[in-house]
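> If you scroll down you'll find the structure; I have some questions about it.
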Amino acid sequence: MEAIADSLAIAISQSQLHGQIQQELKLLEEVLAKLRITEEHLVQSEKMTIVGQLAAEVAQEINNPINFIYGRLIHVNDYIKDLLNIIRLYREQYPEPVPRIATEIEACDLDFITEELPQILNLLKIGADRIRQIVLALRKFSLPDEPNKEHANLNESIDNILLLLASRLEQKILVVKEYHNLPPILCYPGQLSQVFASLLSTAIDALNTLENSAPIITIKTDIVEDSPGRFISLSIAHNGSRIPPEILHRIFDQFGHTKSFKNFRGLELSVCYKIIVELHGGRLTVESPVPSQIKSQTGGGAEFMVKLPIV
C-alpha cells in the first residue's frame with residue numbers, strides 16, 4: 001500500500017510540475033509575443049523619426065525655391081498688368097493700326113491673350129501659395145518638438161493636418177468644421193499634431209468601407225468647464241464603420257488592437273493616449289457607435305474626444 005501511495009504521490013507531483021511548466025511556458029510565450037510587438041514598435045518609431053527628419057529636410061529644400069517663385073510671380077503679375085494697360089491705351093489712341101501690326105494682332109489673337117494671361121498668372125499664384133502652405137504644414141508636422149512646451153493654436157494645427165491629408169480626403173469625404181475661438185494652449189505641438197493625424201487617418205480608413213451614404217467627418221472644438229478647471233475640447237467623429245465591441249474597450253491598450261484593428265494607420269492609439277494623458281494631463285475617450293448616427297444608414301460611426309487643460 002505504501003508503494004502505491006508513493007507512486008500516486010509521485011504521479012500527482014509530476015502532474016502538478018507538468019502543469020506549472022505548461023503555465024510558465026504559456027506565460028513566457030505571451031511575454032515573448034509582447035517583446036516582439038515592442039520591438040516592432042521601436043523599429044517603426046525609429047523609421048518614423050528618420051522619415052520625419054527627411055520630410056523636414058525636403059520641406060526646407062522646397063521652401064526656398066517656392067518662396068522665390070511666389071515672390072517673383074507678384075512682380076510678374078504687376079509687370080503684365082502694366083504692359084496690358086499700355087497695349088489698351090495704344091489701341092484706344094490708334095484704333096486703326098498699320099497693316100503689319102494688324103496682321104500680327106490677328107495672328108496671335110491679342111484679345112484672347114489679354115483676357116487669358118491675367119487668369120493664368122492668378123492660377124499660378126494660387127498654386128504656388130498652396131505649395132507654400134503644404135510645405136509650411138509639413139515642416140511644422142515633421143520638426144521635433146522643443147524640450148519645453150510651446151503655445152499653439154489647435155484649430156490651426158488641425159487645419160495643417162487636413163491640408164496634408166487632402167489627397168486622401170479628395171472630393172468624396174465631406175469635412176464639417178465647427179471651430180470655437182480657442183486660446184493658444186501650452187503643449188508639445190508636434191506630438192499633438194501626430195495624434196490628430198492618426199485620429200483623422202483612422203476616420204478616413206473607416207469611411208473607405210462606407211457604401212450608399214455620404215461619408216462625413218465632423219470636427220468640433222470648444223472650451224468646456226470640467227473638474228478641475230477649464231479644458232479645450234476636441235471631437236473627431238465619422239459616420240463610417242463602427243469599432244467592434246471586442247476592440248472598443250481595449251483600444252487604448254498597448255497590445256490591445258495591433259492585429260485586430262485593421263483599419264488603422266499612423267501612431268498606435270496607445271501612444272496617442274500616452275501623449276494626451278501622460279504628457280499633457282488631458283483625456284482621450286472614444287464612443288462607437290455615435291449616438292446621433294445609430295438611426296442613419298451607416299455602420300454606426302465613431303467619435304474620438306480629446307480634452308486638454310488650459311493652463
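Each chain in the C-alpha cells gets a letter, A, B and so on, in the order shown; residues start at 1 in every chain, and ligands are counted from 1 in the order they appear.
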Skipping near chain neighbours, those fewer than 6 positions away, what residues fall within 9 Å of Ser193 (chain A) using only C-alpha atoms, listed as an MDAnalysis selection string?
chainID A and resid 140:141 154 157:158 160:161
> Take the residues from that selection and put them in a file with N, CA, C and O atoms, as a PDB file, in the first residue's frame.

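Below you can see result-v9.pdb, which holds the result:
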```
ATOM      1  N   LYS A 140       6.061  71.997 -39.948  1.00  0.00           N
ATOM      2  CA  LYS A 140       5.557  72.023 -38.577  1.00  0.00           C
ATOM      3  C   LYS A 140       5.293  70.612 -38.067  1.00  0.00           C
ATOM      4  O   LYS A 140       5.511  70.311 -36.892  1.00  0.00           O
ATOM      5  N   PHE A 141       4.817  69.747 -38.951  1.00  0.00           N
ATOM      6  CA  PHE A 141       4.494  68.377 -38.562  1.00  0.00           C
ATOM      7  C   PHE A 141       5.743  67.536 -38.353  1.00  0.00           C
ATOM      8  O   PHE A 141       5.778  66.663 -37.483  1.00  0.00           O
ATOM      9  N   LEU A 154      -4.807  75.048 -31.562  1.00  0.00           N
ATOM     10  CA  LEU A 154      -5.194  73.716 -32.029  1.00  0.00           C
ATOM     11  C   LEU A 154      -6.013  73.769 -33.312  1.00  0.00           C
ATOM     12  O   LEU A 154      -5.948  72.843 -34.125  1.00  0.00           O
ATOM     13  N   SER A 157      -3.510  73.815 -35.981  1.00  0.00           N
ATOM     14  CA  SER A 157      -2.838  72.514 -36.077  1.00  0.00           C
ATOM     15  C   SER A 157      -3.694  71.515 -36.853  1.00  0.00           C
ATOM     16  O   SER A 157      -3.190  70.774 -37.707  1.00  0.00           O
ATOM     17  N   ILE A 158      -4.999  71.504 -36.586  1.00  0.00           N
ATOM     18  CA  ILE A 158      -5.899  70.582 -37.292  1.00  0.00           C
ATOM     19  C   ILE A 158      -5.978  70.939 -38.768  1.00  0.00           C
ATOM     20  O   ILE A 158      -5.963  70.059 -39.635  1.00  0.00           O
ATOM     21  N   ASN A 160      -3.689  72.314 -40.558  1.00  0.00           N
ATOM     22  CA  ASN A 160      -2.445  71.877 -41.191  1.00  0.00           C
ATOM     23  C   ASN A 160      -2.492  70.391 -41.525  1.00  0.00           C
ATOM     24  O   ASN A 160      -2.051  69.967 -42.603  1.00  0.00           O
ATOM     25  N   ILE A 161      -3.036  69.579 -40.615  1.00  0.00           N
ATOM     26  CA  ILE A 161      -3.144  68.144 -40.860  1.00  0.00           C
ATOM     27  C   ILE A 161      -4.115  67.865 -42.002  1.00  0.00           C
ATOM     28  O   ILE A 161      -3.864  67.017 -42.863  1.00  0.00           O
TER      29      ILE A 161
END
```
> Could you work out how far CA of Lys149 (chain A) lies from CA of Cys187 (chain A), giving the answer in Å with one decimal?
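One can read the CA of Cys187 (chain A) to CA of Lys149 (chain A) distance as 4.9 Å.
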> Do you know which residues are at most 9 Å from Val286 (chain A) counting only C-alpha atoms, after dropping those on the same chain fewer than 2 positions away, and could you put them as a list in words?
Leu248, Ile251, Leu284, Ser288, Ala302, Glu303, Phe304, Met305 and Val306 of chain A
> With C-alpha atoms retained, could you export that selection as a compact mmCIF listing (two decimals), in the first residue's frame?

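What follows is the written file again.txt:
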```txt
# COMPACT_ATOMS: atom_id res chain seq x y z
CA LEU A 248 -13.54 49.22 -28.20
CA ILE A 251 -8.48 50.19 -27.95
CA LEU A 284 -8.81 60.72 -24.60
CA SER A 288 -18.85 53.75 -31.09
CA ALA A 302 -17.17 56.50 -34.05
CA GLU A 303 -16.17 59.61 -32.16
CA PHE A 304 -12.79 60.31 -30.54
CA MET A 305 -12.89 63.01 -27.89
CA VAL A 306 -9.84 64.86 -26.59
```
> Tell me which of A:Ala206, A:Thr114, A:Leu182, A:Asn148 sits closest to Lys81 (chain A), counting only C-alpha atoms.
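Ranked by minimum distance to Lys81 (chain A), first place goes to A:Thr114.
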> Please provide as a ChimeraX atom specification all residues within 12 Å of Leu162 (chain A), with the sequence filter that same-chain residues fewer than 2 positions apart are discarded (counting only C-alpha atoms).
/A:133-134,137-138,141,155-160,164-170,173-177,193-194,196-201,204,217,219
> Quick one, how far is CA of Val271 (chain A) from CA of Asn181 (chain A)?
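Spanning CA of Val271 (chain A) to CA of Asn181 (chain A) is a straight-line distance of 27.9 Å.
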> Find, counting only C-alpha atoms, the residue in A:Leu84, A:Ile126, A:Val290, A:Leu89 that gets nearest to Asp111 (chain A).
A:Leu84
> Please determine, counting only C-alpha atoms, which residue among A:Asn208, A:Gln22, A:Asn64, A:Gln191 has the shortest atom-to-atom distance to Tyr273 (chain A).
A:Gln191
> Check region 113-303 of chain A with DSSP on the backbone and list each residue it calls strand (DSSP E or B), as a ChimeraX atom specification.
/A:150-152,174-178,185-187,216-226,229-241,283-287,300-303
> Which one is closest to Pro215 (chain A): A:Pro228, A:Ser241, A:Gln119, A:Leu279? Count only C-alpha atoms.
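Counting only C-alpha atoms, the residue closest to Pro215 (chain A) is A:Ser241.
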> Using DSSP on the backbone coordinates, identify the residues of region 59-299 of chain A assigned to helix (DSSP H, G or I); present them as an NGL selection string.
:A and (59-93 or 99-108 or 110-142 or 154-164 or 166-169 or 189-207 or 245-248 or 269-279 or 291-293)
> Export, as a short mmCIF file (atom, residue, chain, number, x, y, z; two decimals), in the first residue's frame, the selected residues with C-alpha atoms.

```
data_model
loop_
_atom_site.label_atom_id
_atom_site.label_comp_id
_atom_site.auth_asym_id
_atom_site.auth_seq_id
_atom_site.Cartn_x
_atom_site.Cartn_y
_atom_site.Cartn_z
CA ALA A 59 10.28 70.66 -46.99
CA GLN A 60 13.16 73.05 -46.32
CA GLU A 61 14.62 72.39 -49.79
CA ILE A 62 11.25 73.02 -51.44
CA ASN A 63 10.53 76.06 -49.29
CA ASN A 64 13.37 78.21 -50.66
CA PRO A 65 12.66 77.87 -54.42
CA ILE A 66 8.88 78.08 -54.00
CA ASN A 67 9.23 81.28 -51.99
CA PHE A 68 11.46 82.64 -54.77
CA ILE A 69 8.86 81.71 -57.40
CA TYR A 70 5.97 83.07 -55.35
CA GLY A 71 7.76 86.37 -54.73
CA ARG A 72 8.64 86.81 -58.41
CA LEU A 73 5.09 85.95 -59.52
CA ILE A 74 3.83 89.00 -57.64
CA HIS A 75 6.18 91.24 -59.64
CA VAL A 76 5.44 89.44 -62.91
CA ASN A 77 1.73 89.97 -62.34
CA ASP A 78 2.30 93.70 -61.80
CA TYR A 79 4.51 93.95 -64.90
CA ILE A 80 1.97 92.13 -67.06
CA LYS A 81 -0.78 94.45 -65.87
CA ASP A 82 1.33 97.47 -66.82
CA LEU A 83 2.11 96.07 -70.28
CA LEU A 84 -1.51 95.17 -70.95
CA ASN A 85 -2.57 98.62 -69.82
CA ILE A 86 -0.12 100.20 -72.27
CA ILE A 87 -1.47 97.99 -75.07
CA ARG A 88 -5.02 99.05 -74.15
CA LEU A 89 -4.02 102.73 -74.28
CA TYR A 90 -2.33 102.25 -77.67
CA ARG A 91 -5.45 100.61 -79.07
CA GLU A 92 -7.58 103.48 -77.76
CA GLN A 93 -5.29 106.12 -79.26
CA PRO A 99 -1.38 96.52 -91.84
CA ARG A 100 1.70 94.74 -90.49
CA ILE A 101 0.67 95.28 -86.83
CA ALA A 102 -2.95 94.42 -87.64
CA THR A 103 -1.78 91.10 -89.13
CA GLU A 104 0.26 90.26 -86.02
CA ILE A 105 -2.66 91.16 -83.74
CA GLU A 106 -4.92 88.80 -85.63
CA ALA A 107 -2.30 86.04 -85.80
CA CYS A 108 -1.62 85.98 -82.04
CA LEU A 110 -4.41 89.61 -78.86
CA ASP A 111 -7.90 89.86 -77.38
CA PHE A 112 -7.67 86.27 -76.13
CA ILE A 113 -4.18 86.82 -74.68
CA THR A 114 -5.15 90.00 -72.82
CA GLU A 115 -8.07 88.15 -71.23
CA GLU A 116 -6.35 84.80 -70.57
CA LEU A 117 -2.91 85.90 -69.35
CA PRO A 118 -4.04 87.55 -66.07
CA GLN A 119 -6.12 84.46 -65.26
CA ILE A 120 -3.15 82.15 -65.85
CA LEU A 121 -0.92 84.28 -63.63
CA ASN A 122 -3.57 84.27 -60.92
CA LEU A 123 -3.83 80.46 -61.07
CA LEU A 124 -0.03 80.17 -60.87
CA LYS A 125 -0.05 82.42 -57.82
CA ILE A 126 -2.80 80.34 -56.17
CA GLY A 127 -0.89 77.10 -56.94
CA ALA A 128 2.39 78.48 -55.59
CA ASP A 129 0.64 79.72 -52.45
CA ARG A 130 -0.90 76.28 -51.87
CA ILE A 131 2.53 74.66 -52.19
CA ARG A 132 3.87 77.15 -49.64
CA GLN A 133 1.06 76.24 -47.23
CA ILE A 134 1.68 72.50 -47.68
CA VAL A 135 5.43 72.92 -47.15
CA LEU A 136 4.81 75.01 -44.02
CA ALA A 137 2.39 72.39 -42.67
CA LEU A 138 4.87 69.60 -43.44
CA ARG A 139 7.69 71.45 -41.68
CA LYS A 140 5.56 72.02 -38.58
CA PHE A 141 4.49 68.38 -38.56
CA SER A 142 7.96 66.93 -39.17
CA LEU A 154 -5.19 73.72 -32.03
CA ASN A 155 -7.53 74.95 -34.78
CA GLU A 156 -4.51 75.84 -36.89
CA SER A 157 -2.84 72.51 -36.08
CA ILE A 158 -5.90 70.58 -37.29
CA ASP A 159 -6.11 72.67 -40.48
CA ASN A 160 -2.45 71.88 -41.19
CA ILE A 161 -3.14 68.14 -40.86
CA LEU A 162 -6.21 68.39 -43.12
CA LEU A 163 -4.01 70.11 -45.70
CA LEU A 164 -1.52 67.23 -45.59
CA ALA A 166 -6.09 66.44 -48.70
CA SER A 167 -5.17 63.73 -51.23
CA ARG A 168 -6.84 61.05 -49.06
CA LEU A 169 -9.91 63.16 -48.42
CA PRO A 189 2.66 70.96 -30.87
CA GLY A 190 4.39 68.29 -32.95
CA GLN A 191 3.19 65.41 -30.81
CA LEU A 192 -0.37 66.72 -30.69
CA SER A 193 -0.30 67.08 -34.48
CA GLN A 194 0.71 63.43 -34.78
CA VAL A 195 -2.22 62.45 -32.56
CA PHE A 196 -4.65 64.48 -34.69
CA ALA A 197 -3.19 62.97 -37.88
CA SER A 198 -3.67 59.44 -36.52
CA LEU A 199 -7.26 60.07 -35.40
CA LEU A 200 -8.16 61.64 -38.76
CA SER A 201 -6.46 58.80 -40.66
CA THR A 202 -8.49 56.33 -38.59
CA ALA A 203 -11.69 58.16 -39.57
CA ILE A 204 -10.72 58.17 -43.26
CA ASP A 205 -9.99 54.43 -43.19
CA ALA A 206 -13.36 53.73 -41.56
CA LEU A 207 -15.12 55.78 -44.26
CA PRO A 245 -17.17 45.93 -29.27
CA GLU A 246 -14.40 43.43 -28.52
CA ILE A 247 -11.85 46.08 -29.52
CA LEU A 248 -13.54 49.22 -28.20
CA LEU A 269 -3.73 54.60 -30.24
CA SER A 270 -1.92 53.59 -27.07
CA VAL A 271 0.79 56.12 -27.98
CA CYS A 272 -1.87 58.73 -28.73
CA TYR A 273 -3.32 58.03 -25.29
CA LYS A 274 0.04 58.48 -23.59
CA ILE A 275 0.68 61.76 -25.42
CA ILE A 276 -2.69 63.18 -24.40
CA VAL A 277 -2.92 61.78 -20.87
CA GLU A 278 0.65 61.46 -19.63
CA LEU A 279 2.41 64.31 -21.44
CA PRO A 291 -25.50 58.05 -30.70
CA SER A 292 -26.51 60.54 -33.40
CA GLN A 293 -25.55 58.04 -36.12
#
```
